[in-house]
$ cat target33.txt   # compact mmCIF, C-alpha atoms
# COMPACT_ATOMS: atom_id res chain seq x y z
CA MET A 220 -13.50 17.58 -11.72
CA LEU A 221 -12.43 18.96 -8.40
CA PHE A 222 -8.73 18.55 -9.11
CA PRO A 223 -8.07 19.84 -12.63
CA THR A 224 -4.50 18.59 -12.84
CA LEU A 225 -5.83 15.04 -12.64
CA SER A 226 -8.14 15.49 -15.61
CA THR A 227 -5.34 17.08 -17.63
CA ALA A 228 -3.05 14.14 -16.89
CA GLN A 229 -5.89 11.74 -17.72
CA SER A 230 -6.20 13.25 -21.19
CA GLY A 231 -2.46 12.81 -21.63
CA LEU A 232 -2.73 9.17 -20.58
CA SER A 233 -5.37 8.46 -23.19
CA VAL A 234 -3.35 10.16 -25.94
CA PHE A 235 -0.24 8.10 -25.19
CA ARG A 236 -2.23 4.90 -24.87
CA THR A 237 -3.81 5.56 -28.27
CA TRP A 238 -0.33 6.13 -29.66
CA MET A 239 0.86 2.82 -28.22
CA ASP A 240 -2.19 1.09 -29.67
CA ALA A 241 -1.43 2.55 -33.10
CA VAL A 242 2.23 1.51 -32.93
CA SER A 243 1.31 -2.02 -31.87
CA ASP A 244 -1.18 -2.14 -34.76
CA ASN A 245 1.58 -1.14 -37.19
CA ILE A 246 4.01 -3.69 -35.80
CA ALA A 247 1.42 -6.47 -35.92
CA ASN A 248 0.74 -5.74 -39.60
CA ILE A 249 4.31 -5.08 -40.65
CA ASP A 250 4.51 -8.12 -42.92
CA ASP A 251 1.03 -8.06 -44.45
CA ALA A 252 1.39 -8.88 -48.10
CA ALA A 253 -1.16 -7.44 -50.50
CA PRO A 254 -1.60 -7.76 -54.24
CA THR A 255 -0.34 -4.88 -56.36
CA SER A 256 -3.89 -4.31 -57.58
CA GLY A 257 -4.90 -2.92 -54.20
CA PRO A 258 -3.44 -0.83 -51.37
CA ALA A 259 -0.95 -2.19 -48.89
CA TYR A 260 -1.51 -1.92 -45.14
CA GLN A 261 -1.33 1.77 -44.33
CA ALA A 262 0.59 2.75 -41.22
CA ARG A 263 -1.46 4.49 -38.53
CA PHE A 264 -0.30 7.91 -37.37
CA VAL A 265 -1.93 9.50 -34.33
CA VAL A 266 -2.54 13.24 -34.57
CA ALA A 267 -2.62 14.88 -31.15
CA SER A 268 -3.66 18.44 -30.44
CA PRO A 269 -4.04 20.53 -27.30
CA VAL A 270 -7.40 21.02 -25.61
CA GLY A 271 -8.61 24.45 -24.58
CA ASN A 272 -6.72 27.67 -25.08
CA GLY A 273 -3.66 26.85 -23.05
CA THR A 274 -4.59 28.81 -19.92
CA GLU A 275 -4.81 27.10 -16.57
CA ALA A 276 -7.37 24.38 -16.11
CA SER A 277 -10.39 25.02 -13.96
CA ALA A 278 -13.60 23.17 -13.33
CA GLY A 279 -15.21 24.41 -16.52
CA ASN A 280 -12.16 24.99 -18.64
CA PRO A 281 -10.42 21.73 -19.55
CA ALA A 282 -6.79 21.56 -20.50
CA GLY A 283 -4.61 18.74 -21.76
CA ALA A 284 -4.32 16.88 -25.02
CA THR A 285 -6.65 14.95 -27.26
CA VAL A 286 -6.39 12.75 -30.31
CA SER A 287 -7.80 14.87 -33.10
CA GLY A 288 -7.55 12.09 -35.66
CA ILE A 289 -5.70 9.12 -37.06
CA THR A 290 -4.07 9.59 -40.44
CA LEU A 291 -3.09 6.72 -42.66
CA GLY A 292 0.25 6.29 -44.35
CA ASP A 293 1.19 5.63 -47.92
CA PRO A 294 -1.05 2.99 -49.56
CA ALA A 295 1.55 2.23 -52.22
CA GLY A 296 3.89 0.58 -49.74
CA ARG A 297 6.99 -1.19 -50.96
CA GLU A 298 6.88 -3.35 -54.04
CA VAL A 299 8.91 -6.48 -53.47
CA SER A 300 9.64 -9.28 -55.88
CA ASP A 301 8.22 -12.51 -54.44
CA PRO A 302 7.07 -14.88 -57.23
CA THR A 303 6.28 -17.78 -54.89
CA ASN A 304 3.69 -15.71 -53.00
CA PRO A 305 0.12 -16.68 -53.98
CA LEU A 306 -0.77 -12.96 -54.14
CA ALA A 307 1.98 -12.14 -56.61
CA ASP A 308 0.92 -10.55 -59.85
CA ALA A 309 2.14 -11.42 -63.35
CA ASN A 310 5.55 -9.87 -62.65
CA GLY A 311 5.95 -11.63 -59.29
CA MET A 312 5.56 -8.39 -57.28
CA VAL A 313 3.63 -8.00 -54.02
CA ARG A 314 3.08 -4.95 -51.87
CA TYR A 315 4.38 -4.80 -48.34
CA PRO A 316 3.53 -1.99 -45.92
CA ASP A 317 5.81 1.00 -45.74
CA VAL A 318 6.46 0.50 -42.01
CA ASP A 319 9.97 0.65 -40.56
CA LEU A 320 10.37 -1.53 -37.48
CA GLY A 321 13.14 0.61 -35.96
CA ASP A 322 11.01 3.71 -36.29
CA GLN A 323 8.03 1.99 -34.69
CA MET A 324 10.12 0.73 -31.76
CA THR A 325 11.39 4.27 -31.17
CA GLN A 326 7.84 5.55 -31.18
CA MET A 327 6.86 2.79 -28.76
CA MET A 328 9.53 3.91 -26.31
CA MET A 329 8.46 7.55 -26.60
CA ALA A 330 4.84 6.63 -26.01
CA GLN A 331 5.79 4.57 -22.98
CA ARG A 332 7.87 7.39 -21.49
CA GLY A 333 5.06 9.88 -22.10
CA TYR A 334 2.57 7.53 -20.43
CA GLU A 335 4.82 7.11 -17.40
CA ALA A 336 5.39 10.87 -17.20
CA ASN A 337 1.64 11.48 -17.02
CA LEU A 338 1.30 8.81 -14.32
CA SER A 339 3.98 10.62 -12.34
CA VAL A 340 2.07 13.89 -12.73
CA ILE A 341 -1.00 12.20 -11.24
CA ASP A 342 1.05 10.85 -8.36
CA ARG A 343 2.66 14.19 -7.50
CA ALA A 344 -0.62 16.08 -7.85
CA LYS A 345 -2.30 13.62 -5.49
CA ASP A 346 0.45 14.23 -2.89
CA ALA A 347 0.12 18.00 -3.28
CA TYR A 348 -3.65 17.93 -2.85
CA GLN A 349 -3.36 15.75 0.22
CA GLN A 350 -0.98 18.29 1.73
CA ALA A 351 -3.57 20.99 1.02
CA LEU A 352 -6.15 18.89 2.86
CA SER A 353 -4.05 19.06 6.00
CA ILE A 354 -4.15 22.87 6.25
CA GLY A 355 -5.21 23.89 9.74
CA ARG A 356 -4.96 20.36 11.18
CA MET B 141 -27.65 19.44 14.43
CA ILE B 142 -26.80 19.26 10.72
CA ASP B 143 -27.67 22.32 8.67
CA ALA B 144 -28.09 22.63 4.91
CA THR B 145 -24.34 22.67 4.30
CA GLY B 146 -23.80 19.56 6.42
CA SER B 147 -26.60 17.83 4.57
CA ALA B 148 -25.01 18.71 1.22
CA ILE B 149 -21.67 17.33 2.46
CA GLN B 150 -23.41 14.15 3.56
CA ALA B 151 -25.08 13.73 0.17
CA ALA B 152 -21.71 14.21 -1.54
CA LEU B 153 -20.19 11.56 0.73
CA ASP B 154 -22.95 9.12 -0.25
CA GLY B 155 -22.39 9.81 -3.95
CA LEU B 156 -18.61 9.47 -3.71
CA ALA B 157 -18.84 6.19 -1.79
CA ALA B 158 -21.17 4.80 -4.47
CA ARG B 159 -18.74 5.95 -7.16
CA GLN B 160 -15.87 4.18 -5.42
CA ARG B 161 -17.85 0.92 -5.32
CA VAL B 162 -18.67 1.13 -9.03
CA ILE B 163 -15.02 1.84 -9.91
CA ALA B 164 -13.90 -1.19 -7.89
CA ASP B 165 -16.48 -3.24 -9.78
CA ASN B 166 -15.18 -1.97 -13.13
CA VAL B 167 -11.55 -2.68 -12.25
CA ALA B 168 -12.41 -6.20 -11.10
CA ASN B 169 -14.07 -6.83 -14.46
CA VAL B 170 -11.36 -5.37 -16.66
CA GLU B 171 -10.90 -8.69 -18.52
CA THR B 172 -14.47 -9.92 -18.47
CA PRO B 173 -15.82 -10.40 -21.99
CA GLY B 174 -18.82 -8.25 -22.79
CA TYR B 175 -18.60 -6.16 -19.61
CA ILE B 176 -19.68 -2.52 -19.94
CA ALA B 177 -18.20 -0.14 -17.36
CA GLY B 178 -20.59 1.75 -15.10
CA GLN B 179 -20.39 5.35 -13.91
CA VAL B 180 -22.02 7.15 -10.99
CA SER B 181 -23.44 10.63 -11.35
CA PHE B 182 -24.77 12.71 -8.45
CA GLU B 183 -23.31 16.22 -8.93
CA ASP B 184 -26.09 17.59 -11.13
CA SER B 185 -28.78 16.17 -8.85
CA LEU B 186 -26.98 17.63 -5.84
CA ARG B 187 -26.74 21.07 -7.45
CA ALA B 188 -30.47 21.03 -8.22
CA ALA B 189 -31.31 19.79 -4.72
CA ILE B 190 -29.23 22.56 -3.13
CA ALA B 191 -30.97 25.16 -5.29
CA ASP B 192 -34.28 23.72 -4.10
CA GLY B 193 -33.12 23.94 -0.51
CA ASP B 194 -33.16 20.21 0.34
CA PRO B 195 -29.79 18.59 -0.32
CA SER B 196 -30.87 15.28 1.18
CA SER B 197 -33.09 14.65 -1.84
CA THR B 198 -30.05 14.04 -4.06
CA ALA B 199 -30.38 11.00 -6.31
CA VAL B 200 -27.28 8.89 -6.91
CA SER B 201 -27.64 7.22 -10.31
CA THR B 202 -25.49 4.56 -11.93
CA THR B 203 -25.46 4.45 -15.73
CA ALA B 204 -23.50 2.54 -18.35
CA THR B 205 -20.58 4.27 -20.04
CA THR B 206 -20.53 4.79 -23.79
CA ASP B 207 -16.80 4.19 -24.33
CA PRO B 208 -15.90 2.05 -27.34
CA VAL B 209 -15.53 -1.68 -26.73
CA ASN B 210 -12.47 -3.76 -27.56
CA GLN B 211 -12.40 -7.16 -29.28
CA ASN B 212 -13.70 -8.83 -26.12
CA GLY B 213 -16.75 -6.63 -25.94
CA ASN B 214 -15.23 -5.10 -22.79
CA ASN B 215 -15.05 -1.31 -22.60
CA VAL B 216 -13.26 -0.74 -19.28
CA SER B 217 -10.45 1.80 -19.70
CA ILE B 218 -8.05 1.18 -16.83
CA ASP B 219 -6.48 4.67 -17.16
CA ASN B 220 -9.82 6.39 -16.70
CA GLN B 221 -10.73 4.13 -13.79
CA VAL B 222 -7.44 4.79 -11.97
CA VAL B 223 -7.67 8.57 -12.39
CA SER B 224 -11.34 8.55 -11.42
CA LEU B 225 -10.49 6.52 -8.31
CA THR B 226 -7.76 8.99 -7.32
CA ASP B 227 -10.12 11.92 -7.79
CA THR B 228 -12.93 10.20 -5.83
CA ASP B 229 -10.51 9.38 -3.02
CA LEU B 230 -9.28 12.97 -2.73
CA ARG B 231 -12.81 14.38 -2.85
CA TYR B 232 -13.90 11.94 -0.16
CA GLN B 233 -11.06 13.13 2.06
CA THR B 234 -12.04 16.75 1.37
CA MET B 235 -15.65 16.06 2.35
CA VAL B 236 -14.60 14.24 5.52
CA ALA B 237 -12.42 17.23 6.43
CA ALA B 238 -15.37 19.54 5.75
CA MET B 239 -17.65 17.48 8.00
CA ASN B 240 -15.02 17.48 10.75
CA GLU B 241 -14.70 21.26 10.52
CA LYS B 242 -18.48 21.71 10.80
CA PHE B 243 -18.71 19.50 13.86
CA GLY B 244 -15.57 21.14 15.29
CA LEU B 245 -17.28 24.54 15.21
CA LEU B 246 -20.23 23.12 17.13
CA LYS B 247 -17.93 21.49 19.66
CA THR B 248 -16.05 24.75 20.20
CA ALA B 249 -19.25 26.66 20.75
CA ILE B 250 -20.73 24.05 23.08
CA GLY B 251 -17.63 23.24 25.06
CA GLY B 252 -16.46 26.77 25.67
CA ALA B 253 -12.68 26.84 25.64
CA SER B 254 -11.37 24.30 23.13
CA MET C 30 20.59 26.57 50.72
CA THR C 31 21.99 27.97 53.95
CA ILE C 32 19.80 30.12 56.06
CA ALA C 33 21.30 33.49 56.78
CA ALA C 34 22.15 33.95 60.43
CA ILE C 35 19.90 36.26 62.36
CA GLY C 36 21.26 39.78 62.20
CA ALA C 37 23.37 39.18 59.15
CA SER C 38 21.14 40.04 56.22
CA ALA C 39 22.18 38.77 52.81
CA VAL C 40 20.14 41.42 51.12
CA SER C 41 20.95 45.01 51.59
CA LEU C 42 17.95 47.12 52.38
CA THR C 43 19.14 49.78 50.02
CA SER C 44 18.74 47.42 47.07
CA LEU C 45 15.02 47.05 47.47
CA PRO C 46 12.89 48.97 44.97
CA THR C 47 11.45 52.20 46.22
CA THR C 48 7.81 52.18 47.12
CA PRO C 49 5.52 54.26 44.93
CA THR C 50 4.48 57.58 46.41
CA LEU C 51 1.11 57.50 48.04
CA PRO C 52 -1.28 60.28 47.31
CA SER C 53 -0.80 63.16 49.70
CA SER C 54 -3.45 63.75 52.32
CA GLY C 55 -6.62 65.21 50.98
CA GLN C 56 -6.51 63.23 47.78
CA VAL C 57 -8.44 60.03 47.44
CA GLY C 58 -7.76 57.41 44.88
CA TRP C 59 -5.10 56.71 42.35
CA THR C 60 -4.34 59.72 40.25
CA GLY C 61 -1.63 58.22 38.08
CA GLY C 62 -4.08 57.24 35.39
CA PHE C 63 -4.47 53.84 33.84
CA PRO C 64 -2.18 52.70 31.02
CA ASP C 65 -3.92 52.80 27.65
CA LEU C 66 -5.47 49.46 26.72
CA PRO C 67 -5.63 48.73 22.99
CA GLY C 68 -8.83 50.14 21.60
CA ALA C 69 -9.74 51.75 24.91
CA THR C 70 -10.90 55.32 25.15
CA ASP C 71 -12.61 57.49 27.72
CA PRO C 72 -15.29 55.15 29.10
CA THR C 73 -17.94 57.82 28.69
CA ALA C 74 -17.58 57.60 24.92
CA ALA C 75 -18.21 53.85 24.64
CA ALA C 76 -20.68 54.23 21.79
CA GLY C 77 -18.82 56.98 20.02
CA ALA C 78 -18.70 55.50 16.53
CA ALA C 79 -20.03 58.65 14.96
CA SER C 80 -17.51 60.80 16.79
CA GLY C 81 -14.59 59.29 14.84
CA ASN C 82 -12.69 57.94 17.90
CA ALA C 83 -11.08 54.52 17.96
CA PRO C 84 -13.84 51.90 18.44
CA GLY C 85 -14.85 51.16 22.01
CA PHE C 86 -14.44 47.75 23.55
CA GLY C 87 -18.05 46.86 22.86
CA GLN C 88 -17.56 47.58 19.20
CA VAL C 89 -14.42 45.44 19.05
CA LEU C 90 -16.47 42.52 20.32
CA GLY C 91 -19.25 43.26 17.86
CA GLN C 92 -16.83 43.33 14.93
CA ALA C 93 -15.32 39.98 15.93
CA VAL C 94 -18.74 38.34 16.08
CA ASP C 95 -19.84 39.87 12.76
CA GLY C 96 -16.63 38.67 11.15
CA LEU C 97 -17.33 35.22 12.54
CA GLN C 98 -20.68 34.97 10.78
CA ALA C 99 -19.15 36.09 7.49
CA ALA C 100 -16.25 33.63 7.89
CA GLN C 101 -18.61 30.74 8.64
CA ALA C 102 -20.85 31.66 5.71
CA ASN C 103 -17.82 31.79 3.40
CA ALA C 104 -16.59 28.39 4.62
CA ASP C 105 -20.09 26.94 4.13
CA ARG C 106 -20.32 28.32 0.60
CA LEU C 107 -16.96 26.83 -0.38
CA ALA C 108 -17.86 23.49 1.25
CA VAL C 109 -21.04 23.27 -0.84
CA SER C 110 -19.14 24.10 -4.03
CA ALA C 111 -16.57 21.42 -3.12
CA ALA C 112 -19.41 18.93 -2.59
CA THR C 113 -20.83 19.54 -6.07
CA GLY C 114 -17.36 19.39 -7.63
CA ASP C 115 -17.31 23.05 -8.71
CA LEU C 116 -14.38 24.14 -6.55
CA THR C 117 -11.11 24.51 -8.43
CA ASN C 118 -8.70 25.07 -5.53
CA VAL C 119 -9.25 22.85 -2.52
CA HIS C 120 -6.85 24.96 -0.46
CA ASP C 121 -9.32 27.87 -0.73
CA TYR C 122 -11.85 25.84 1.24
CA MET C 123 -9.29 24.57 3.79
CA ILE C 124 -8.07 28.11 4.48
CA ALA C 125 -11.62 29.45 4.83
CA ALA C 126 -12.55 26.58 7.18
CA THR C 127 -9.47 27.17 9.35
CA GLU C 128 -10.29 30.89 9.49
CA ALA C 129 -13.87 30.18 10.57
CA SER C 130 -12.65 27.74 13.21
CA LEU C 131 -10.15 30.24 14.63
CA ASP C 132 -12.74 33.03 14.61
CA THR C 133 -15.11 30.78 16.54
CA GLU C 134 -12.45 29.97 19.12
CA LEU C 135 -11.61 33.67 19.48
CA THR C 136 -15.24 34.61 19.99
CA VAL C 137 -15.76 31.83 22.51
CA ALA C 138 -12.62 32.81 24.44
CA VAL C 139 -13.68 36.46 24.53
CA ARG C 140 -17.13 35.41 25.72
CA ASN C 141 -15.63 33.23 28.44
CA LYS C 142 -13.37 36.02 29.71
CA ALA C 143 -16.23 38.48 29.67
CA VAL C 144 -18.41 36.09 31.67
CA ASP C 145 -15.55 35.49 34.14
CA ALA C 146 -15.03 39.22 34.59
CA PHE C 147 -18.76 39.71 35.15
CA ASN C 148 -18.83 36.93 37.74
CA GLN C 149 -15.83 38.44 39.55
CA VAL C 150 -17.57 41.78 39.69
CA MET C 151 -20.78 40.22 40.96
CA ASN C 152 -18.89 38.29 43.64
CA MET C 153 -17.09 41.33 45.01
CA GLY C 154 -18.03 42.15 48.50
CA VAL C 155 -19.89 45.40 48.89

$ encode --input "target33.txt" --output "structure tokens"
Amino acid sequence: MLFPTLSTAQSGLSVFRTWMDAVSDNIANIDDAAPTSGPAYQARFVVASPVGNGTEASAGNPAGATVSGITLGDPAGREVSDPTNPLADANGMVRYPDVDLGDQMTQMMMAQRGYEANLSVIDRAKDAYQQALSIGR
Amino acid sequence: MIDATGSAIQAALDGLAARQRVIADNVANVETPGYIAGQVSFEDSLRAAIADGDPSSTAVSTTATTDPVNQNGNNVSIDNQVVSLTDTDLRYQTMVAAMNEKFGLLKTAIGGAS
Amino acid sequence: MTIAAIGASAVSLTSLPTTPTLPSSGQVGWTGGFPDLPGATDPTAAAGAASGNAPGFGQVLGQAVDGLQAAQANADRLAVSAATGDLTNVHDYMIAATEASLDTELTVAVRNKAVDAFNQVMNMGV
């Protein structure tokens, strides 16, 4: 890419979007009941890592961040007593996911702020490059 | 009046304009079920054509992207399209500036005092 | 502006600058010497590169034109690398292009002045 800052910011955008997708996945499945014989819904955690060796980006040397993997949370979840649930076992227990709504909302806000910060990097870099294009005019 | 450099700049302008059209197409179809985003590639062909000495023989090719699809079967990533559009726009401006500089040199030489 | 009355001069003759001394009889021509022009030397050593003097005027022109070709080649090279997307810093190309443009204008201006001077010499009455 001719303007390396843009590709760095693009990698940041995709990391934060993946994070938001994971958080929305967790929130959508926050009340999934499962029988105690099997695992509960496991929360998704995005693992991000830097790209390249941290020196400045150039045409052949990418910088930025990437999602190196998605780890899953605790399959045991929370055991809750709910005898009326059709999935309840002999003791009336079902598994619910070990996902805390407050925690997920905090992560959602952080992901949103990170996404907006990368958009602002793109905007500023575009202005700077356009100034460079007016050298000698 | 256009030398090898000017011809390379012209080929780059063609490729970038094609890329801009494909990006606009992708963005328009961001919610279309089953739509696969396209991408334009001309840089490798241009590099080979320059090495061969004839930049005007650059081929501008449009291929389908291999990004994962969502539930709709649509694989347009709006982040990538926006950044790609910004980059294409800036490179187009750079190439236009380059073309203007080349013609400016000719004008200075022809017209005497500028 | 009032016109000074005849006989009453507003400017004292003693305040006029003194005229330069003319060469005394027997001498012909201006012996005061010419002020040193930048890069100018004894005109008989115009091609004296090997002698270690400052370059003659012809060599100054030659260096400007040689620099122009190098500047244009550099700007062309960076333009091609920008076209293929290999250029990291776009300001490198813009600076090189501006340099080539200014070098071209300089060379053209020098050429124009040289042609004007030649025409003036050719049009001098014998």

$ closest_residue --input "target33.txt" --among "C:Gln92, C:Thr117, C:Gln149, C:Asn141" --to "Gly251 (chain B)" --atoms "only C-alpha atoms"
C:Asn141

$ interface_residues --input "target33.txt" --of "chain B" --to "chain C" --cutoff "12 Å" --atoms "all atoms listed in the file" --output "ChimeraX atom specification"
/B:143-156,181-191,195,198,227-228,230-254

$ interface_residues --input "target33.txt" --of "chain A" --to "chain B" --cutoff "7 Å" --atoms "all atoms listed in the file" --output "count of residues only"
5

$ residues_around --input "target33.txt" --residues "Leu338 (chain A)" --least-positions-apart "4" --cutoff "8 Å" --atoms "all atoms listed in the file" --output "number ranges by chain"
A: 228, 232, 334, 342

$ closest_residue --input "target33.txt" --among "B:Tyr175, B:Val180, B:Gly193, B:Met141" --to "Val209 (chain B)" --atoms "only C-alpha atoms"
B:Tyr175

$ build_atoms --input "target33.txt" --residues "region 189-207 of chain B" --atoms "N, CA and C atoms" --output "mmCIF file, in the frame of the given file"
data_model
loop_
_atom_site.group_PDB
_atom_site.id
_atom_site.type_symbol
_atom_site.label_atom_id
_atom_site.label_comp_id
_atom_site.auth_asym_id
_atom_site.auth_seq_id
_atom_site.Cartn_x
_atom_site.Cartn_y
_atom_site.Cartn_z
ATOM 1 N N ALA B 189 -30.712 19.938 -6.051
ATOM 2 C CA ALA B 189 -31.310 19.790 -4.720
ATOM 3 C C ALA B 189 -30.916 20.938 -3.810
ATOM 4 N N ILE B 190 -29.662 21.414 -3.937
ATOM 5 C CA ILE B 190 -29.230 22.560 -3.130
ATOM 6 C C ILE B 190 -30.014 23.799 -3.520
ATOM 7 N N ALA B 191 -30.206 23.996 -4.829
ATOM 8 C CA ALA B 191 -30.970 25.160 -5.290
ATOM 9 C C ALA B 191 -32.397 25.096 -4.766
ATOM 10 N N ASP B 192 -32.932 23.869 -4.629
ATOM 11 C CA ASP B 192 -34.280 23.720 -4.100
ATOM 12 C C ASP B 192 -34.331 23.850 -2.602
ATOM 13 N N GLY B 193 -33.151 23.765 -1.949
ATOM 14 C CA GLY B 193 -33.120 23.940 -0.510
ATOM 15 C C GLY B 193 -33.149 22.647 0.276
ATOM 16 N N ASP B 194 -33.127 21.479 -0.396
ATOM 17 C CA ASP B 194 -33.160 20.210 0.340
ATOM 18 C C ASP B 194 -32.099 19.267 -0.206
ATOM 19 N N PRO B 195 -30.859 19.410 0.258
ATOM 20 C CA PRO B 195 -29.790 18.590 -0.320
ATOM 21 C C PRO B 195 -29.956 17.101 -0.088
ATOM 22 N N SER B 196 -30.759 16.706 0.917
ATOM 23 C CA SER B 196 -30.870 15.280 1.180
ATOM 24 C C SER B 196 -31.675 14.566 0.119
ATOM 25 N N SER B 197 -32.309 15.316 -0.793
ATOM 26 C CA SER B 197 -33.090 14.650 -1.840
ATOM 27 C C SER B 197 -32.253 14.360 -3.068
ATOM 28 N N THR B 198 -30.924 14.341 -2.921
ATOM 29 C CA THR B 198 -30.050 14.040 -4.060
ATOM 30 C C THR B 198 -30.216 12.593 -4.477
ATOM 31 N N ALA B 199 -30.275 12.358 -5.779
ATOM 32 C CA ALA B 199 -30.380 11.000 -6.310
ATOM 33 C C ALA B 199 -29.019 10.582 -6.861
ATOM 34 N N VAL B 200 -28.546 9.439 -6.412
ATOM 35 C CA VAL B 200 -27.280 8.890 -6.910
ATOM 36 C C VAL B 200 -27.620 7.862 -7.979
ATOM 37 N N SER B 201 -27.226 8.125 -9.221
ATOM 38 C CA SER B 201 -27.640 7.220 -10.310
ATOM 39 C C SER B 201 -26.416 6.586 -10.949
ATOM 40 N N THR B 202 -26.564 5.312 -11.268
ATOM 41 C CA THR B 202 -25.490 4.560 -11.930
ATOM 42 C C THR B 202 -25.931 4.270 -13.353
ATOM 43 N N THR B 203 -25.126 4.706 -14.326
ATOM 44 C CA THR B 203 -25.460 4.450 -15.730
ATOM 45 C C THR B 203 -24.298 3.743 -16.396
ATOM 46 N N ALA B 204 -24.556 3.214 -17.595
ATOM 47 C CA ALA B 204 -23.500 2.540 -18.350
ATOM 48 C C ALA B 204 -22.706 3.581 -19.128
ATOM 49 N N THR B 205 -21.406 3.357 -19.249
ATOM 50 C CA THR B 205 -20.580 4.270 -20.040
ATOM 51 C C THR B 205 -20.774 3.970 -21.521
ATOM 52 N N THR B 206 -20.379 4.954 -22.337
ATOM 53 C CA THR B 206 -20.530 4.790 -23.790
ATOM 54 C C THR B 206 -19.170 4.718 -24.462
ATOM 55 N N ASP B 207 -18.129 4.322 -23.722
ATOM 56 C CA ASP B 207 -16.800 4.190 -24.330
ATOM 57 C C ASP B 207 -16.818 3.066 -25.355
#
